[in-house]
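Here the structure comes first, spelled out in structure tokens, and everything after it is commentary.
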Amino acid sequence: MSNASPDIKTSSRWFSGLNIIKSCLYVVYSTVLLFPILSTPLVADDFSAPFHQVFSEGFGVTAAVKSGWYNAYGGVNFRILGMPFGSFIHFLYVDLAGRFQIPISTSYFITKLVLYLGIGIVSSSVCGELLRLAGKTLSRWSVLFVSSTVIFVSLQNHGMWSNDPVSGYPLAGFGSVILGLSVLTYSLKSVRLGITRSRIAGLTILTTVSVLYYELNVGIILGVAPLLALAALRSAPDVSISLFTKIKKLTFIAIPCVVPALALGWGRIVSGSTTQLYTGTTIRLDSRAINTFLSGLISTLPGSAWALSKEFLGGSIGRLAGVFPIVGLIAVVTLMFLYSESQQKRERQRSDRWLLIAGLISLLLFWFVGVGVQSVTAKVQDESPRIGYVYTYYAIGATVVGLLISLMILYFGSSLRLKTTTVTVGLALLIIGTCQLTVNWRLMDKMNASLEPSRALIAAFSSQSDIPHRCRVLLVWTGGGWPSYYEDGMTKGLQVAYLHYHGEKFCPNFVMPMP
């Protein structure tokens, strides 16, 4: 239904020996860039939920999935795919620690790494498709390494003060963004190759899955609608389209947008989730909503939390010499790929300005709607007193902003000739990256030190240490001033889980200290 362009091969087979080596290097490189974010300790629900779940719902995959389903179907959010998956992962953390002594912190590290690698891969796919529309076809590896570098280095670590999906809730944060950007990638590719019934069917499945995983993905579904409409209404210059044909085409491409809306709306009505009270879904439309929205947009920009970070670090961030080798590695990798692209001889590709603009609008709508939907809720307004405090929307905003910066670097940098402007911009970005990496490492150290009792507690669970040590770390942890429901659920979950895997309680005869 649209003018298809050829799918130009830009690299050899993905599973060739060279590509396997590049894949391994990409994983190692990404781990180095993300290490201060990957290694922060479990906090809040990510810390207690796995143990509270096995205490209240029992053990096994079936029990975990059922727990997630009932919490989604009868809860305040109709995330009937996201919550069962999250419950399964939580059970997996406990099961791996109980059966194979794999620390929960290690499983958490791996979970976050896999999600960020997914963000890098899907973001590079979006970049590649948008660059095609801009008239440039670059190698997959160049786009992957450069875009991942920009996104990973620009991420901020808000775990000390925010309900933030960077250091907590990764499945809800960046997990949902992977699905959202997958919708955009599939839409852009469908537009380029031609809209067909099979591609619309595939896109409908993907959009429905994305909103049932996390409803914030409604933003990207709204975003791709103009892109699909523009592509569907196009025809050869000498062919006129009747009004009936236009309506038919628009109805056809509306399916991927209408079906998920019906699924989400119908599901919430049937489950009764809309009738429950929860500040995270309670709408508060006043001046605070506008202020929270604007503050949220700014807070997703690179460097926006530096002032807040400095306060939490005691008024001084200080230099960190260990960051400079990482920055040097970033500079070498980025210049290597950009130089490689600048030496390639290419035929001039036809650009498509209108589809490019529509694709960029899709990204902006994903960002703005994500921030806007949460900014109108009482919970987010109350927990975002100033710039730097963020909520789940940060995963969307930080990725979109990083992706847009990557587009500019790849578009202009692929014609690199060491011009003064290019060098100046490159140095500025390296300085910003150096500052952000320093802040992230400092906050990681601060967070690890402040949450040492929590780290020691879950380490004792997986290491099968002796009873006196287990009781001691549990006693220290319960002295942390936690809310009673949180402390009670964690303690009971530890006792039940340790008994299940090792035949004795985590701390026999433990008595909760008086408040």
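Ligands are numbered from 1 in the order shown, chains are lettered A, B, ... in the order of the structure tokens, and residues start at 1 in each chain.
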- request: Just the residues within 12 Å of segment 323-334 of chain A, please, counting only C-alpha atoms, with nothing from its chain fewer than 6 positions along; format it as a PyMOL selection string.
  value: chain A and resi 25-26+28-36+141-150+152-153+340-341+406+409-410+413-414+416+423+426-442
- prompt: Using the chain letters and numbers from this document, which residues of segment 149-379 of chain A does DSSP assign to alpha helix (DSSP H), as an NGL selection string?
  reply: :A and (149-154 or 174-193 or 197-213 or 218-233 or 243-271 or 287-299 or 306-312 or 323-342 or 353-375 or 378-379)
message: Give me the residues near Val473 of chain A as a VMD selection string, where near means some atom within 8 Å (using only C-alpha atoms) and where sequence neighbours in that chain fewer than 6 positions away do not count.
response: chain A and resid 453 456 to 457 460
Nearest-residue call for Ser465 of chain A, choices A:Ile221, A:Thr204, A:Phe506, A:Thr137, using only C-alpha atoms: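 Using only C-alpha atoms, Ser465 of chain A sits closest to A:Phe506.
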- request: Compile the contact shell of Ser56 of chain A as a list in words: residues with an atom at most 9 Å away, counting only C-alpha atoms, same-chain residues fewer than 5 positions apart removed.
  value: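 What passes the distance filter is Phe51, Gly489 and Gly493 of chain A.
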Let me see the file: selected residues, C-alpha atoms, as an mmCIF file, in the first residue's frame.
data_model
loop_
_atom_site.group_PDB
_atom_site.id
_atom_site.type_symbol
_atom_site.label_atom_id
_atom_site.label_comp_id
_atom_site.auth_asym_id
_atom_site.auth_seq_id
_atom_site.Cartn_x
_atom_site.Cartn_y
_atom_site.Cartn_z
ATOM 1 C CA PHE A 51 10.489 -12.722 49.215
ATOM 2 C CA GLY A 489 6.826 -9.103 54.462
ATOM 3 C CA GLY A 493 9.534 -14.231 53.182
#
query: What is the distance, in Å and to one decimal place, between atom CA of Leu356 of chain A and atom CA of Leu212 of chain A?
result: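 Interatomic distance here is 28.2 Å.
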